[in-house]
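Structure data follow from input_32.cif (mmCIF, N, CA and C atoms and all ligand atoms):
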data_target
loop_
_atom_site.group_PDB
_atom_site.id
_atom_site.type_symbol
_atom_site.label_atom_id
_atom_site.label_comp_id
_atom_site.auth_asym_id
_atom_site.auth_seq_id
_atom_site.Cartn_x
_atom_site.Cartn_y
_atom_site.Cartn_z
ATOM 1 N N MET A 18 18.020 15.186 15.639
ATOM 2 C CA MET A 18 17.320 13.901 15.769
ATOM 3 C C MET A 18 17.049 13.319 14.391
ATOM 4 N N LYS A 19 17.697 12.228 14.118
ATOM 5 C CA LYS A 19 17.520 11.629 12.796
ATOM 6 C C LYS A 19 17.041 10.196 12.962
ATOM 7 N N LYS A 20 15.832 9.975 12.558
ATOM 8 C CA LYS A 20 15.339 8.612 12.697
ATOM 9 C C LYS A 20 15.695 7.803 11.457
ATOM 10 N N GLU A 21 15.760 6.528 11.660
ATOM 11 C CA GLU A 21 16.119 5.640 10.572
ATOM 12 C C GLU A 21 15.027 5.635 9.514
ATOM 13 N N GLN A 22 15.450 5.797 8.293
ATOM 14 C CA GLN A 22 14.472 5.846 7.224
ATOM 15 C C GLN A 22 14.614 4.630 6.321
ATOM 16 N N ILE A 23 13.794 3.652 6.591
ATOM 17 C CA ILE A 23 13.807 2.440 5.803
ATOM 18 C C ILE A 23 12.549 2.404 4.956
ATOM 19 N N CYS A 24 12.739 2.239 3.686
ATOM 20 C CA CYS A 24 11.596 2.226 2.784
ATOM 21 C C CYS A 24 10.682 1.040 3.071
ATOM 22 N N TYR A 25 9.412 1.338 3.166
ATOM 23 C CA TYR A 25 8.425 0.304 3.479
ATOM 24 C C TYR A 25 8.271 -0.687 2.335
ATOM 25 N N ILE A 26 8.527 -0.242 1.125
ATOM 26 C CA ILE A 26 8.350 -1.082 -0.053
ATOM 27 C C ILE A 26 9.556 -1.966 -0.336
ATOM 28 N N CYS A 27 10.732 -1.354 -0.428
ATOM 29 C CA CYS A 27 11.915 -2.122 -0.835
ATOM 30 C C CYS A 27 12.864 -2.423 0.320
ATOM 31 N N ASN A 28 12.549 -1.906 1.511
ATOM 32 C CA ASN A 28 13.355 -2.161 2.695
ATOM 33 C C ASN A 28 14.785 -1.638 2.602
ATOM 34 N N GLU A 29 14.989 -0.689 1.709
ATOM 35 C CA GLU A 29 16.305 -0.078 1.607
ATOM 36 C C GLU A 29 16.335 1.190 2.449
ATOM 37 N N GLU A 30 17.508 1.467 2.982
ATOM 38 C CA GLU A 30 17.668 2.713 3.699
ATOM 39 C C GLU A 30 17.770 3.838 2.683
ATOM 40 N N CYS A 31 17.058 4.914 2.925
ATOM 41 C CA CYS A 31 17.102 5.984 1.940
ATOM 42 C C CYS A 31 17.019 7.339 2.631
ATOM 43 N N GLU A 32 17.625 8.322 1.990
ATOM 44 C CA GLU A 32 17.707 9.619 2.646
ATOM 45 C C GLU A 32 16.562 10.550 2.286
ATOM 46 N N ASP A 33 16.116 10.475 1.049
ATOM 47 C CA ASP A 33 14.966 11.311 0.741
ATOM 48 C C ASP A 33 13.820 10.467 0.204
ATOM 49 N N GLY A 34 12.669 10.841 0.663
ATOM 50 C CA GLY A 34 11.487 10.088 0.290
ATOM 51 C C GLY A 34 10.290 10.739 0.930
ATOM 52 N N ILE A 35 9.188 10.056 0.936
ATOM 53 C CA ILE A 35 7.992 10.625 1.533
ATOM 54 C C ILE A 35 7.520 9.734 2.660
ATOM 55 N N GLU A 36 6.827 10.360 3.593
ATOM 56 C CA GLU A 36 6.291 9.603 4.697
ATOM 57 C C GLU A 36 4.797 9.448 4.500
ATOM 58 N N ILE A 37 4.340 8.223 4.527
ATOM 59 C CA ILE A 37 2.920 7.959 4.393
ATOM 60 C C ILE A 37 2.454 7.155 5.586
ATOM 61 N N LEU A 38 1.517 7.725 6.321
ATOM 62 C CA LEU A 38 0.930 7.023 7.460
ATOM 63 C C LEU A 38 1.994 6.491 8.414
ATOM 64 N N GLY A 39 3.031 7.299 8.637
ATOM 65 C CA GLY A 39 4.052 6.914 9.583
ATOM 66 C C GLY A 39 5.089 5.959 9.042
ATOM 67 N N SER A 40 4.936 5.564 7.781
ATOM 68 C CA SER A 40 5.936 4.717 7.166
ATOM 69 C C SER A 40 6.634 5.495 6.061
ATOM 70 N N TYR A 41 7.798 5.004 5.711
ATOM 71 C CA TYR A 41 8.637 5.745 4.788
ATOM 72 C C TYR A 41 8.664 5.066 3.421
ATOM 73 N N ILE A 42 8.574 5.874 2.385
ATOM 74 C CA ILE A 42 8.676 5.327 1.034
ATOM 75 C C ILE A 42 9.694 6.149 0.260
ATOM 76 N N CYS A 43 10.698 5.476 -0.288
ATOM 77 C CA CYS A 43 11.786 6.183 -0.946
ATOM 78 C C CYS A 43 11.356 6.747 -2.302
ATOM 79 N N LYS A 44 12.161 7.680 -2.782
ATOM 80 C CA LYS A 44 11.887 8.340 -4.049
ATOM 81 C C LYS A 44 11.709 7.330 -5.178
ATOM 82 N N ALA A 45 12.607 6.352 -5.232
ATOM 83 C CA ALA A 45 12.577 5.375 -6.323
ATOM 84 C C ALA A 45 11.245 4.625 -6.355
ATOM 85 N N CYS A 46 10.797 4.196 -5.190
ATOM 86 C CA CYS A 46 9.541 3.454 -5.122
ATOM 87 C C CYS A 46 8.357 4.364 -5.411
ATOM 88 N N GLU A 47 8.461 5.596 -4.955
ATOM 89 C CA GLU A 47 7.384 6.542 -5.215
ATOM 90 C C GLU A 47 7.251 6.748 -6.721
ATOM 91 N N GLN A 48 8.389 6.882 -7.374
ATOM 92 C CA GLN A 48 8.385 7.066 -8.826
ATOM 93 C C GLN A 48 7.791 5.846 -9.529
ATOM 94 N N GLU A 49 8.181 4.668 -9.042
ATOM 95 C CA GLU A 49 7.668 3.431 -9.634
ATOM 96 C C GLU A 49 6.152 3.357 -9.515
ATOM 97 N N MET A 50 5.673 3.839 -8.370
ATOM 98 C CA MET A 50 4.234 3.728 -8.111
ATOM 99 C C MET A 50 3.404 4.620 -9.017
ATOM 100 N N ILE A 51 4.008 5.731 -9.443
ATOM 101 C CA ILE A 51 3.236 6.627 -10.297
ATOM 102 C C ILE A 51 3.598 6.436 -11.761
ATOM 103 N N ASN A 52 4.490 5.477 -11.998
ATOM 104 C CA ASN A 52 4.916 5.189 -13.355
ATOM 105 C C ASN A 52 3.875 4.331 -14.082
ATOM 106 N N GLU A 53 3.346 4.866 -15.120
ATOM 107 C CA GLU A 53 2.295 4.139 -15.843
ATOM 108 C C GLU A 53 2.830 2.929 -16.582
ATOM 109 N N ASP A 54 4.137 2.897 -16.767
ATOM 110 C CA ASP A 54 4.721 1.775 -17.494
ATOM 111 C C ASP A 54 5.045 0.592 -16.591
ATOM 112 N N ALA A 55 4.839 0.785 -15.298
ATOM 113 C CA ALA A 55 5.129 -0.304 -14.372
ATOM 114 C C ALA A 55 4.259 -1.517 -14.710
ATOM 115 N N SER A 56 4.839 -2.668 -14.524
ATOM 116 C CA SER A 56 4.116 -3.890 -14.874
ATOM 117 C C SER A 56 2.936 -4.111 -13.926
ATOM 118 N N GLU A 57 1.985 -4.871 -14.399
ATOM 119 C CA GLU A 57 0.787 -5.175 -13.617
ATOM 120 C C GLU A 57 1.154 -5.808 -12.278
ATOM 121 N N LEU A 58 2.132 -6.700 -12.345
ATOM 122 C CA LEU A 58 2.559 -7.430 -11.153
ATOM 123 C C LEU A 58 3.133 -6.471 -10.112
ATOM 124 N N LYS A 59 3.940 -5.545 -10.586
ATOM 125 C CA LYS A 59 4.553 -4.568 -9.699
ATOM 126 C C LYS A 59 3.489 -3.695 -9.047
ATOM 127 N N MET A 60 2.551 -3.234 -9.847
ATOM 128 C CA MET A 60 1.498 -2.382 -9.319
ATOM 129 C C MET A 60 0.689 -3.119 -8.261
ATOM 130 N N GLU A 61 0.464 -4.396 -8.534
ATOM 131 C CA GLU A 61 -0.300 -5.203 -7.594
ATOM 132 C C GLU A 61 0.448 -5.302 -6.262
ATOM 133 N N TYR A 62 1.764 -5.448 -6.362
ATOM 134 C CA TYR A 62 2.609 -5.533 -5.178
ATOM 135 C C TYR A 62 2.548 -4.228 -4.386
ATOM 136 N N TYR A 63 2.667 -3.117 -5.069
ATOM 137 C CA TYR A 63 2.619 -1.820 -4.402
ATOM 138 C C TYR A 63 1.262 -1.602 -3.754
ATOM 139 N N ARG A 64 0.244 -1.969 -4.490
ATOM 140 C CA ARG A 64 -1.113 -1.773 -3.972
ATOM 141 C C ARG A 64 -1.327 -2.551 -2.681
ATOM 142 N N SER A 65 -0.856 -3.806 -2.673
ATOM 143 C CA SER A 65 -1.070 -4.616 -1.468
ATOM 144 C C SER A 65 -0.256 -4.062 -0.304
ATOM 145 N N LYS A 66 0.927 -3.519 -0.616
ATOM 146 C CA LYS A 66 1.747 -2.909 0.431
ATOM 147 C C LYS A 66 1.029 -1.708 1.042
ATOM 148 N N ILE A 67 0.521 -0.857 0.177
ATOM 149 C CA ILE A 67 -0.171 0.336 0.651
ATOM 150 C C ILE A 67 -1.420 -0.057 1.429
ATOM 151 N N LYS A 68 -2.085 -1.079 0.939
ATOM 152 C CA LYS A 68 -3.308 -1.528 1.606
ATOM 153 C C LYS A 68 -3.005 -1.996 3.026
ATOM 154 N N SER A 69 -1.931 -2.759 3.179
ATOM 155 C CA SER A 69 -1.595 -3.236 4.523
ATOM 156 C C SER A 69 -1.150 -2.077 5.406
ATOM 157 N N LEU A 70 -0.572 -1.067 4.783
ATOM 158 C CA LEU A 70 -0.211 0.139 5.525
ATOM 159 C C LEU A 70 -1.457 0.748 6.135
ATOM 160 N N TRP A 71 -2.477 0.880 5.299
ATOM 161 C CA TRP A 71 -3.751 1.438 5.768
ATOM 162 C C TRP A 71 -4.318 0.601 6.895
ATOM 163 N N ARG A 72 -4.295 -0.700 6.686
ATOM 164 C CA ARG A 72 -4.889 -1.592 7.668
ATOM 165 C C ARG A 72 -4.180 -1.437 9.009
ATOM 166 N N ASN A 73 -2.849 -1.353 8.971
ATOM 167 C CA ASN A 73 -2.094 -1.189 10.219
ATOM 168 C C ASN A 73 -2.499 0.073 10.951
ATOM 169 N N ASN A 74 -2.806 1.095 10.188
ATOM 170 C CA ASN A 74 -3.106 2.375 10.808
ATOM 171 C C ASN A 74 -4.553 2.498 11.249
ATOM 172 N N LEU A 75 -5.392 1.672 10.700
ATOM 173 C CA LEU A 75 -6.806 1.753 11.058
ATOM 174 C C LEU A 75 -7.125 0.925 12.290
ATOM 175 N N SER A 76 -6.307 -0.090 12.534
ATOM 176 C CA SER A 76 -6.616 -0.960 13.658
ATOM 177 C C SER A 76 -6.208 -0.330 14.982
HETATM 178 ZN ZN ZN B 101 11.942 1.933 -1.792
#

As structure tokens:
Amino acid sequence: MKKEQICYICNEECEDGIEILGSYICKACEQEMINEDASELKMEYYRSKIKSLWRNNLS
């Protein structure tokens, strides 16, 4: 049983990544999120994505 793994952040299909709150995040995006050199704008984008993830799961 192989479910489709589409990254929640970049919407790309990816084979390895992590699952957070039932959504999938690819390795590349995960790395970007923990990368201290990522731009402020990018971090803001990731943060809002994660926040909406939480909201979806709390409702
Ligand atoms: Zn991704």

>> Just want the 12 Å neighbourhood of Gln48 in chain A, counted on only C-alpha atoms, with same-chain residues fewer than 4 positions away dropped. Output as an MDAnalysis selection string.
In response: chainID A and resid 26 34:35 42:44 52:55 60 63

> Which residues come within 6 Å of Tyr41 in chain A, counting only C-alpha atoms, excluding same-chain residues fewer than 3 positions away, as a list in words?
Replying inline: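 Skipping anything fewer than 3 positions along the chain leaves Cys24, Tyr25, Ile35 and Glu36 of chain A.
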
>> I'd like to know which of A:Lys66, A:Glu61, A:Ile37, A:Cys27 is closest to ligand ZN 101 (chain B), using all atoms listed in the file.
In response: A:Cys27

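CA of Cys31 in chain A lies 12.1 Å from CA of Glu47 in chain A.
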
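Here the question is which of A:Ile51, A:Ile23, A:Tyr62, A:Ser76 gets nearest to ligand ZN 101 (chain B) using only N, CA and C atoms and all ligand atoms, and that residue is A:Ile23.
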
> Just how far from atom ZN of ligand ZN 101 (chain B) is atom C of Cys46 in chain A, in Å to one decimal?
Replying inline: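 These two atoms are separated by 5.6 Å.
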
> Which distance in Å separates atom N of Leu70 in chain A and CA of Leu38 in chain A, to one decimal?
Replying inline: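 Taking atom N of Leu70 in chain A and CA of Leu38 in chain A, their separation equals 8.7 Å.
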
> Where does DSSP see alpha helix (DSSP H) in range 24-75 of chain A, if you list the residues as number ranges by chain?
Replying inline: A: 44-51, 57-75

>> Using DSSP secondary structure from the backbone, list all strand (DSSP E) positions within chain A, as a list in words.
In response: Gly34, Ile35, Glu36, Ile37, Ser40, Tyr41, Ile42 and Cys43 of chain A

> From the set A:Asn28, A:Ser65, A:Gln22, A:Asn73, which residue has the shortest atom-to-atom contact distance to ligand ZN 101 (chain B), counting only C-alpha atoms and all ligand atoms?
Replying inline: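 Looking at the shortest contact to ligand ZN 101 (chain B), the residue is A:Asn28.
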